[in-house]
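Here is the file query-v3.txt (compact mmCIF, C-alpha atoms and all ligand atoms).
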# COMPACT_ATOMS: atom_id res chain seq x y z
CA MET A 61 195.21 59.02 225.39
CA THR A 62 198.24 59.24 227.68
CA LEU A 63 200.97 56.65 227.85
CA ALA A 64 199.89 55.55 231.34
CA LYS A 65 196.30 55.05 230.12
CA THR A 66 197.45 53.10 227.06
CA LEU A 67 199.59 50.87 229.22
CA LYS A 68 196.76 50.19 231.62
CA LYS A 69 194.44 49.38 228.74
CA THR A 70 197.04 47.21 227.02
CA LEU A 71 197.54 45.20 230.17
CA ALA A 72 193.86 45.05 231.05
CA ILE A 73 192.62 43.56 227.79
CA ARG A 74 195.16 40.75 227.74
CA PRO A 75 194.21 37.49 229.41
CA PRO A 76 197.16 35.78 231.11
CA HIS A 77 199.21 34.23 228.34
CA PRO A 78 202.47 32.38 228.80
CA THR A 79 204.21 34.19 225.95
CA VAL A 80 204.99 37.86 226.30
CA ALA A 81 207.22 40.50 224.74
CA GLU A 82 208.43 42.69 227.58
CA ILE A 83 209.15 46.19 226.41
CA ASP A 84 211.55 48.19 228.54
CA LEU A 85 210.43 51.77 228.01
CA ALA A 86 213.18 53.08 230.26
CA ALA A 87 215.72 51.54 227.85
CA PHE A 88 213.88 53.08 224.89
CA ARG A 89 214.02 56.52 226.54
CA GLN A 90 217.70 56.08 227.35
CA ASN A 91 218.46 55.17 223.71
CA LEU A 92 216.47 58.15 222.49
CA ARG A 93 218.32 60.49 224.83
CA TRP A 94 221.60 59.11 223.55
CA VAL A 95 220.58 60.08 220.00
CA ARG A 96 219.37 63.48 221.19
CA ASP A 97 222.68 64.19 222.98
CA ARG A 98 224.65 63.03 219.97
CA ILE A 99 222.90 65.21 217.40
CA GLY A 100 222.59 68.26 219.65
CA PRO A 101 219.60 70.48 220.39
CA GLN A 102 219.72 72.33 217.07
CA ARG A 103 218.58 69.28 215.06
CA ALA A 104 215.12 67.75 214.92
CA LEU A 105 214.53 64.09 215.78
CA LEU A 106 211.95 62.07 213.88
CA THR A 107 211.37 58.74 215.63
CA VAL A 108 210.80 55.88 213.20
CA VAL A 109 207.86 53.82 214.51
CA LYS A 110 206.79 52.00 211.35
CA ALA A 111 206.06 48.26 211.42
CA ASN A 112 204.49 48.42 214.87
CA ALA A 113 207.57 50.29 216.11
CA TYR A 114 209.82 47.48 214.89
CA GLY A 115 207.57 45.05 216.75
CA HIS A 116 207.58 47.00 220.04
CA GLY A 117 204.04 48.43 219.81
CA ILE A 118 203.39 51.55 217.76
CA ILE A 119 201.17 53.42 220.24
CA PRO A 120 203.06 53.03 223.54
CA ILE A 121 206.38 53.64 221.75
CA SER A 122 205.01 56.73 219.97
CA GLN A 123 203.67 58.04 223.26
CA ALA A 124 206.97 57.41 225.03
CA ALA A 125 208.78 59.22 222.19
CA VAL A 126 206.39 62.17 222.35
CA SER A 127 206.94 62.44 226.10
CA GLU A 128 210.66 62.84 225.28
CA ASN A 129 209.86 65.87 223.11
CA ILE A 130 210.70 64.46 219.71
CA GLN A 131 209.76 66.54 216.68
CA GLY A 132 207.92 63.90 214.66
CA LEU A 133 207.14 60.25 214.01
CA GLY A 134 207.97 58.30 210.87
CA VAL A 135 205.73 55.54 209.54
CA ALA A 136 205.72 53.58 206.31
CA PHE A 137 202.01 53.66 205.47
CA VAL A 138 198.96 55.92 205.80
CA GLU A 139 197.21 53.31 207.93
CA GLU A 140 199.96 53.43 210.53
CA GLY A 141 199.68 57.21 210.70
CA ILE A 142 195.91 56.98 211.23
CA GLN A 143 196.46 54.49 214.05
CA ILE A 144 198.73 56.98 215.82
CA ARG A 145 196.29 59.88 215.29
CA ARG A 146 193.46 57.79 216.70
CA ALA A 147 195.50 57.43 219.90
CA GLY A 148 195.35 61.21 220.22
CA ILE A 149 198.93 62.03 219.24
CA THR A 150 199.18 65.41 217.53
CA GLU A 151 202.89 65.56 216.56
CA PRO A 152 203.84 65.62 212.86
CA ILE A 153 203.70 62.19 211.22
CA LEU A 154 205.69 61.53 208.06
CA VAL A 155 204.37 58.75 205.79
CA MET A 156 207.55 57.53 204.14
CA ALA A 157 206.81 54.49 201.98
CA GLY A 158 204.53 55.86 199.31
CA PHE A 159 200.77 55.69 198.80
CA LEU A 160 198.12 54.90 196.24
CA PRO A 161 196.00 57.79 194.88
CA GLU A 162 192.94 56.54 196.76
CA GLU A 163 194.81 56.74 200.08
CA ALA A 164 195.62 60.44 199.69
CA GLU A 165 192.41 61.57 201.41
CA GLY A 166 193.91 60.24 204.67
CA PHE A 167 196.64 62.90 204.63
CA LEU A 168 194.12 65.70 204.85
CA LYS A 169 191.68 63.99 207.16
CA HIS A 170 194.32 62.88 209.68
CA ARG A 171 196.90 65.64 209.18
CA LEU A 172 199.59 63.26 207.95
CA THR A 173 202.56 64.46 205.92
CA PRO A 174 203.19 62.53 202.71
CA VAL A 175 206.60 61.87 201.28
CA ILE A 176 206.39 62.44 197.54
CA SER A 177 208.68 60.18 195.63
CA HIS A 178 207.14 60.12 192.15
CA PRO A 179 205.90 63.01 189.94
CA ASP A 180 202.45 61.40 189.52
CA GLN A 181 201.82 61.62 193.26
CA LEU A 182 201.21 65.33 192.91
CA ASP A 183 197.87 64.85 191.13
CA PRO A 184 195.85 63.35 194.00
CA LEU A 185 197.35 65.95 196.33
CA LYS A 186 196.35 68.75 193.96
CA ARG A 187 192.76 67.53 194.10
CA LEU A 188 192.94 67.41 197.90
CA ALA A 189 194.47 70.87 198.12
CA GLN A 190 191.47 72.33 196.30
CA LYS A 191 189.19 71.38 199.18
CA ALA A 192 191.68 71.91 201.99
CA SER A 193 191.21 74.78 204.39
CA ARG A 194 194.89 74.76 205.38
CA PRO A 195 198.07 73.96 203.45
CA ILE A 196 199.11 70.34 202.97
CA GLY A 197 202.77 69.95 203.91
CA ILE A 198 204.87 67.49 201.90
CA HIS A 199 208.43 66.18 201.92
CA LEU A 200 210.19 65.32 198.67
CA LYS A 201 212.23 62.17 198.46
CA ILE A 202 215.18 62.14 196.11
CA ASP A 203 216.67 58.91 194.80
CA THR A 204 220.37 59.63 195.30
CA GLY A 205 221.44 56.02 194.82
CA MET A 206 219.07 53.72 196.68
CA GLY A 207 217.27 52.76 193.46
CA ARG A 208 213.92 52.37 195.14
CA LEU A 209 211.54 55.24 195.93
CA GLY A 210 212.48 58.80 195.04
CA LEU A 211 212.36 61.48 192.38
CA LEU A 212 215.28 61.36 190.02
CA GLU A 213 217.49 64.41 189.81
CA ARG A 214 216.22 65.26 186.33
CA GLU A 215 212.57 65.07 187.43
CA LEU A 216 213.01 67.54 190.21
CA GLY A 217 212.98 70.91 188.43
CA PRO A 218 209.73 70.27 186.49
CA PHE A 219 208.16 68.73 189.61
CA ILE A 220 208.94 71.74 191.74
CA GLU A 221 207.51 74.10 189.13
CA ARG A 222 204.26 72.12 189.12
CA ALA A 223 204.11 71.84 192.92
CA ARG A 224 204.69 75.54 193.45
CA ALA A 225 201.84 76.33 191.11
CA VAL A 226 199.46 74.56 193.49
CA LYS A 227 198.20 76.80 196.22
CA LYS A 228 198.04 75.11 199.62
CA ILE A 229 200.85 72.67 198.94
CA GLU A 230 203.85 73.47 201.04
CA ILE A 231 207.21 71.76 200.54
CA LEU A 232 208.45 71.28 204.10
CA GLY A 233 211.22 68.76 203.64
CA LEU A 234 213.77 67.24 201.31
CA MET A 235 214.98 63.76 202.09
CA SER A 236 216.91 60.78 200.80
CA HIS A 237 217.82 57.33 202.06
CA PHE A 238 221.14 55.46 202.10
CA ALA A 239 221.58 52.26 200.15
CA ASP A 240 224.40 50.99 202.36
CA ASP A 241 222.38 50.50 205.51
CA GLU A 242 225.34 49.61 207.72
CA LEU A 243 227.59 52.34 206.27
CA THR A 244 230.61 50.11 206.77
CA ASP A 245 232.19 51.77 203.74
CA CYS A 246 231.13 55.40 203.55
CA ARG A 247 232.18 56.03 199.94
CA SER A 248 228.84 55.31 198.33
CA ALA A 249 227.12 57.25 201.13
CA GLU A 250 229.39 60.24 200.50
CA ASP A 251 228.40 60.07 196.81
CA GLN A 252 224.75 60.06 197.84
CA ILE A 253 225.30 63.09 200.08
CA ASP A 254 227.09 64.90 197.21
CA CYS A 255 224.07 64.22 195.01
CA PHE A 256 221.66 65.37 197.74
CA GLU A 257 223.56 68.61 198.29
CA LYS A 258 223.65 69.24 194.53
CA VAL A 259 219.87 68.81 194.35
CA GLN A 260 219.48 71.14 197.30
CA ARG A 261 221.57 73.81 195.54
CA THR A 262 219.47 73.38 192.39
CA ILE A 263 216.31 73.89 194.41
CA GLU A 264 217.74 76.99 196.05
CA SER A 265 218.68 78.35 192.62
CA LEU A 266 214.99 78.06 191.76
CA GLY A 267 214.33 80.46 194.62
CA LEU A 268 212.93 77.86 197.00
CA LYS A 269 214.22 77.29 200.53
CA ILE A 270 213.10 73.94 201.97
CA PRO A 271 213.16 74.06 205.78
CA LEU A 272 213.90 70.41 206.66
CA LEU A 273 216.74 68.40 205.13
CA HIS A 274 217.26 64.79 206.14
CA MET A 275 219.14 61.65 205.18
CA SER A 276 220.29 60.01 208.41
CA ASN A 277 219.15 56.62 209.62
CA SER A 278 220.81 55.01 212.66
CA ALA A 279 223.99 54.12 210.80
CA ALA A 280 224.54 57.72 209.71
CA ILE A 281 223.74 59.00 213.21
CA VAL A 282 226.45 56.70 214.52
CA GLY A 283 229.07 57.21 211.85
CA LEU A 284 228.46 59.98 209.33
CA LYS A 285 227.97 63.43 210.80
CA ARG A 286 227.99 65.05 207.37
CA ALA A 287 224.60 63.43 206.75
CA TRP A 288 222.87 64.85 209.82
CA PHE A 289 221.61 68.09 208.20
CA ASN A 290 218.85 69.50 210.42
CA LEU A 291 216.73 66.39 211.06
CA VAL A 292 217.59 62.74 211.68
CA ARG A 293 215.42 59.61 211.40
CA PRO A 294 216.64 56.93 213.85
CA GLY A 295 215.00 53.53 214.03
CA ILE A 296 217.02 50.51 215.12
CA VAL A 297 219.27 52.30 217.65
CA LEU A 298 216.19 53.39 219.58
CA TYR A 299 215.23 49.75 219.96
CA GLY A 300 218.68 48.99 221.31
CA TYR A 301 220.65 47.55 218.40
CA ALA A 302 223.66 48.94 216.61
CA PRO A 303 223.21 49.33 212.85
CA SER A 304 226.43 47.34 212.27
CA SER A 305 228.54 44.94 214.29
CA SER A 306 231.48 47.33 214.06
CA ALA A 307 229.48 50.02 215.88
CA LYS A 308 228.19 47.64 218.53
CA ASP A 309 230.67 48.29 221.32
CA SER A 310 230.97 52.01 220.84
CA ILE A 311 227.40 53.08 221.53
CA PRO A 312 225.72 52.95 224.93
CA ILE A 313 222.32 51.62 223.92
CA LYS A 314 220.24 48.86 225.46
CA PRO A 315 217.88 46.33 223.84
CA VAL A 316 214.25 47.18 224.53
CA MET A 317 212.45 43.90 223.83
CA THR A 318 212.69 40.60 225.69
CA LEU A 319 210.66 37.70 224.30
CA LYS A 320 209.67 35.12 226.89
CA THR A 321 207.42 32.17 227.30
CA ARG A 322 206.90 29.40 229.88
CA ILE A 323 207.06 25.62 229.67
CA ILE A 324 203.55 24.19 229.32
CA HIS A 325 204.38 20.50 229.05
CA LEU A 326 207.22 18.28 230.28
CA LYS A 327 207.67 14.65 229.33
CA ARG A 328 210.29 11.97 229.76
CA VAL A 329 210.74 9.91 226.57
CA PRO A 330 212.96 6.93 225.72
CA ALA A 331 215.91 7.05 223.32
CA GLY A 332 214.72 6.72 219.73
CA THR A 333 211.64 8.94 220.10
CA PRO A 334 210.92 11.09 217.04
CA ILE A 335 210.05 14.71 217.84
CA SER A 336 207.56 17.03 216.11
CA TYR A 337 206.41 17.34 212.48
CA GLY A 338 208.36 15.40 209.89
CA ARG A 339 210.23 13.48 212.62
CA THR A 340 213.36 15.42 211.78
CA PHE A 341 214.87 14.77 215.23
CA THR A 342 215.08 11.49 217.13
CA THR A 343 216.25 11.38 220.75
CA ARG A 344 219.60 9.66 221.18
CA ARG A 345 219.18 9.07 224.92
CA GLU A 346 216.33 8.94 227.39
CA SER A 347 215.31 12.59 227.35
CA LEU A 348 213.23 15.14 229.16
CA ILE A 349 211.49 17.26 226.57
CA ALA A 350 209.68 20.53 227.20
CA VAL A 351 206.97 21.99 224.99
CA LEU A 352 206.91 25.79 224.68
CA PRO A 353 203.67 27.53 223.65
CA ILE A 354 205.34 29.64 220.97
CA GLY A 355 205.83 28.99 217.28
CA TYR A 356 206.22 30.63 213.92
CA ALA A 357 202.79 32.25 214.21
CA ASP A 358 204.25 34.24 217.10
CA GLY A 359 207.32 35.16 215.07
CA TYR A 360 209.65 32.43 216.31
CA SER A 361 210.98 31.41 212.93
CA ARG A 362 210.64 27.89 211.60
CA ALA A 363 214.27 28.32 210.59
CA TRP A 364 215.15 27.62 214.26
CA SER A 365 214.02 23.99 213.81
CA ASN A 366 216.84 21.75 215.14
CA ARG A 367 219.01 24.84 215.30
CA GLY A 368 217.83 27.34 217.86
CA GLN A 369 218.57 27.65 221.55
CA VAL A 370 216.50 29.13 224.35
CA LEU A 371 217.37 30.03 227.94
CA ILE A 372 215.84 28.08 230.84
CA ASP A 373 217.18 28.11 234.42
CA GLY A 374 220.02 30.28 233.18
CA GLN A 375 221.20 27.63 230.69
CA ARG A 376 221.10 27.35 226.93
CA VAL A 377 219.00 24.42 225.76
CA PRO A 378 218.51 23.27 222.18
CA VAL A 379 215.39 23.37 220.03
CA ILE A 380 214.69 19.83 218.81
CA GLY A 381 212.55 18.95 215.83
CA ARG A 382 210.55 21.39 213.75
CA VAL A 383 209.20 24.64 215.14
CA CYS A 384 205.40 24.42 214.67
CA MET A 385 202.82 27.16 214.26
CA ASP A 386 202.07 27.38 218.00
CA MET A 387 204.65 25.17 219.69
CA THR A 388 208.35 24.46 219.93
CA VAL A 389 210.04 21.52 221.64
CA VAL A 390 213.31 21.86 223.55
CA ASP A 391 215.56 19.29 225.21
CA VAL A 392 215.81 19.97 228.94
CA THR A 393 217.34 16.64 229.98
CA ASP A 394 220.36 18.42 231.46
CA LEU A 395 218.34 20.77 233.66
CA PRO A 396 217.96 18.97 237.00
CA THR A 397 215.26 21.16 238.54
CA VAL A 398 213.22 22.18 235.51
CA ARG A 399 209.44 22.39 236.04
CA ILE A 400 206.20 23.27 234.29
CA GLY A 401 205.81 27.05 234.09
CA ALA A 402 209.58 27.70 234.02
CA GLU A 403 210.41 31.01 232.38
CA THR A 404 211.99 30.55 228.97
CA VAL A 405 213.78 33.37 227.17
CA LEU A 406 213.87 33.40 223.36
CA ILE A 407 215.19 36.94 222.89
CA GLY A 408 216.94 38.50 225.86
CA ALA A 409 219.04 37.56 228.89
CA GLN A 410 218.71 35.12 231.74
CA GLY A 411 221.41 34.87 234.40
CA THR A 412 224.68 35.36 232.63
CA GLU A 413 223.47 33.99 229.28
CA THR A 414 222.16 36.19 226.49
CA LEU A 415 220.29 35.65 223.23
CA TRP A 416 219.89 39.16 221.85
CA ALA A 417 218.38 39.80 218.43
CA ASP A 418 221.65 40.78 216.76
CA ALA A 419 223.30 37.46 217.69
CA LEU A 420 220.18 35.54 216.64
CA ALA A 421 220.12 37.44 213.35
CA ARG A 422 223.72 36.54 212.59
CA GLN A 423 222.91 32.88 213.13
CA LEU A 424 219.91 33.02 210.78
CA GLY A 425 221.73 35.12 208.18
CA THR A 426 219.42 38.09 208.66
CA ILE A 427 219.34 41.40 210.52
CA PRO A 428 217.98 42.24 213.99
CA TYR A 429 215.22 44.33 212.35
CA GLU A 430 213.66 41.16 210.95
CA ILE A 431 213.91 39.25 214.23
CA LEU A 432 212.13 42.08 216.10
CA CYS A 433 209.49 42.88 213.45
CA ALA A 434 208.61 39.20 213.20
CA VAL A 435 207.20 39.09 216.76
CA SER A 436 203.58 38.88 215.78
CA HIS A 437 200.42 40.60 216.96
CA ARG A 438 199.44 37.45 218.84
CA VAL A 439 202.17 38.07 221.40
CA PRO A 440 200.99 40.43 224.16
CA ARG A 441 203.38 43.31 224.82
CA LEU A 442 204.01 44.08 228.46
CA TYR A 443 205.37 47.55 229.10
CA ARG A 444 207.70 48.08 232.03
CA GLU A 445 208.21 51.57 233.45
CA GLY A 446 205.42 54.02 232.93
CA VAL A 447 202.88 51.69 234.50
CA GLU A 448 202.45 54.48 237.01
CA PRO A 449 198.84 55.55 237.71
CA SER A 450 197.48 58.29 235.47
C1 LIG B 1 213.09 56.21 205.14
C2 LIG B 1 213.67 55.63 206.39
N1 LIG B 1 214.31 56.43 207.25
C3 LIG B 1 214.84 55.96 208.40
C4 LIG B 1 214.77 54.63 208.71
C5 LIG B 1 215.39 54.13 209.99
O1 LIG B 1 216.43 53.26 209.73
P1 LIG B 1 217.26 52.56 210.90
O2 LIG B 1 216.31 51.67 211.58
O3 LIG B 1 218.35 51.84 210.21
O4 LIG B 1 217.72 53.66 211.79
C6 LIG B 1 214.14 53.75 207.82
C7 LIG B 1 214.11 52.33 208.12
O5 LIG B 1 214.17 51.45 207.31
C8 LIG B 1 213.57 54.27 206.64
O6 LIG B 1 212.94 53.47 205.75
Translate this structure into structure tokens?
Amino acid sequence: MTLAKTLKKTLAIRPPHPTVAEIDLAAFRQNLRWVRDRIGPQRALLTVVKANAYGHGIIPISQAAVSENIQGLGVAFVEEGIQIRRAGITEPILVMAGFLPEEAEGFLKHRLTPVISHPDQLDPLKRLAQKASRPIGIHLKIDTGMGRLGLLERELGPFIERARAVKKIEILGLMSHFADDELTDCRSAEDQIDCFEKVQRTIESLGLKIPLLHMSNSAAIVGLKRAWFNLVRPGIVLYGYAPSSSAKDSIPIKPVMTLKTRIIHLKRVPAGTPISYGRTFTTRRESLIAVLPIGYADGYSRAWSNRGQVLIDGQRVPVIGRVCMDMTVVDVTDLPTVRIGAETVLIGAQGTETLWADALARQLGTIPYEILCAVSHRVPRLYREGVEPS
């Protein structure tokens, strides 16, 4: 299925709904091209589209990436890879977050590439290889200091011996992941690269040359050229956010998602009116309150209760009372011309005001990744650009 067809279908099946996540595919492409220009044509680019493309929609984003000639897509789980294959995408898909033995069949059936991060994961692949008509490509993940997934240095030699003994298993890549995700202090990252390079030399001394070497997430793409090797795996920069606040002003990227809703209910209430569950807010003056049809089930965190702000008529207005599952109340007393149906921005810009995910994340003590991924499946995604006829 082409991107244009997917977009048409996506739009067609959605009834009008006041809440929408607008996805600016032109911004996504621009961010991707920035990464491409930075790393140069000699390196491969694997676009990380796990977690519904960080909330942006795994299929349209994968299709947009493919149309920009990327070399592969990175997902966390087998199921995500299958979803992409079912949309007709044929590019390599790397399944990066591990798998259970019973999921291994999916690699063969859907031509997905597993990342092997534990010696025991070879056994289900061995069984698959016996019935495979073509080689199963794998990448090996080394734990160079993340302390999560990954083969330990000492496990590597014996693992490689075993893997090489299996016909139809091909080791295509060697990878690792940084523990310091913002890379604000590169020392621990440099240690991880030292370890990775040592492992690579050990592998070469065993007479094996692994074609693809990769460690770089967005932070390393921005600030640690030594980690680029011959493939990079950007995620957050493609969606328009810098991996750290120190990198924010130096990279020309643009946020891709805007989260909007519209006022569905307006009501004037006297001073002393309690608002929403638990009556945690009471109006101090006669107030005009607006109800927004968005709540924590849409990914607008309950942590914004009595704390968040949204943009209406180009102004910031406060969230009052608790955020509910489907609704949020805001105080619009100071907006003279507010009306039912008024556009309300929860992530994005309106007039000269902005509420981008990085600023929101700082306020909630989290990271923009979580703000974006939280936007739930209930929220229709509306794709701008690429809505051209097929
Ligand atoms: C293995 C792996 N590589 C690359 C990425 C992309 O990271 P970022 O979004 O920071 O660029 C992730 C994301 O968590 C990941 O898990």
Determine, for each residue of chain A having at least one atom at most 6 Å from an atom of ligand LIG 1 (chain B), the closest pair of atoms and their separation in Å to one decimal, counting all atoms listed in the file; order by chain and ascending number, as CSV.
residue,atom,partner,partner_atom,distance
A:Val108,CA,B:LIG1,C5,5.9
A:Met156,CA,B:LIG1,C1,5.8
A:His237,CA,B:LIG1,C1,5.8
A:Asn277,CA,B:LIG1,O4,3.9
A:Ser278,CA,B:LIG1,O4,3.5
A:Arg293,CA,B:LIG1,C3,4.8
A:Pro294,CA,B:LIG1,O4,4.0
A:Gly295,CA,B:LIG1,O2,3.3
A:Ile296,CA,B:LIG1,O2,3.8
### Task
Record the distance separating CA of Val405 in chain A and CA of Leu298 in chain A, expressed in Å with one decimal.
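Between CA of Val405 in chain A and CA of Leu298 in chain A the gap works out to 21.5 Å.
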### Option closest in space to Ala124 in chain A, from A:Ala331, A:Pro152, A:Val292, A:Arg93 [counting only C-alpha atoms]
A:Arg93
#### Entry: Non-local contacts of Glu82 in chain A (8 Å; all atoms listed in the file; under 3 positions in same chain excluded) as a list in words
Val316, Met317, Thr318, Leu319, Lys320, Arg441, Leu442, Tyr443 and Arg444 of chain A
### Message
Please determine, counting only C-alpha atoms, which residue among A:Glu242, A:Glu230, A:Glu215, A:Glu445 has the shortest atom-to-atom distance to Lys186 in chain A.
### Response
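Between A:Glu242, A:Glu230, A:Glu215, A:Glu445, the residue approaching Lys186 in chain A most closely is A:Glu230.
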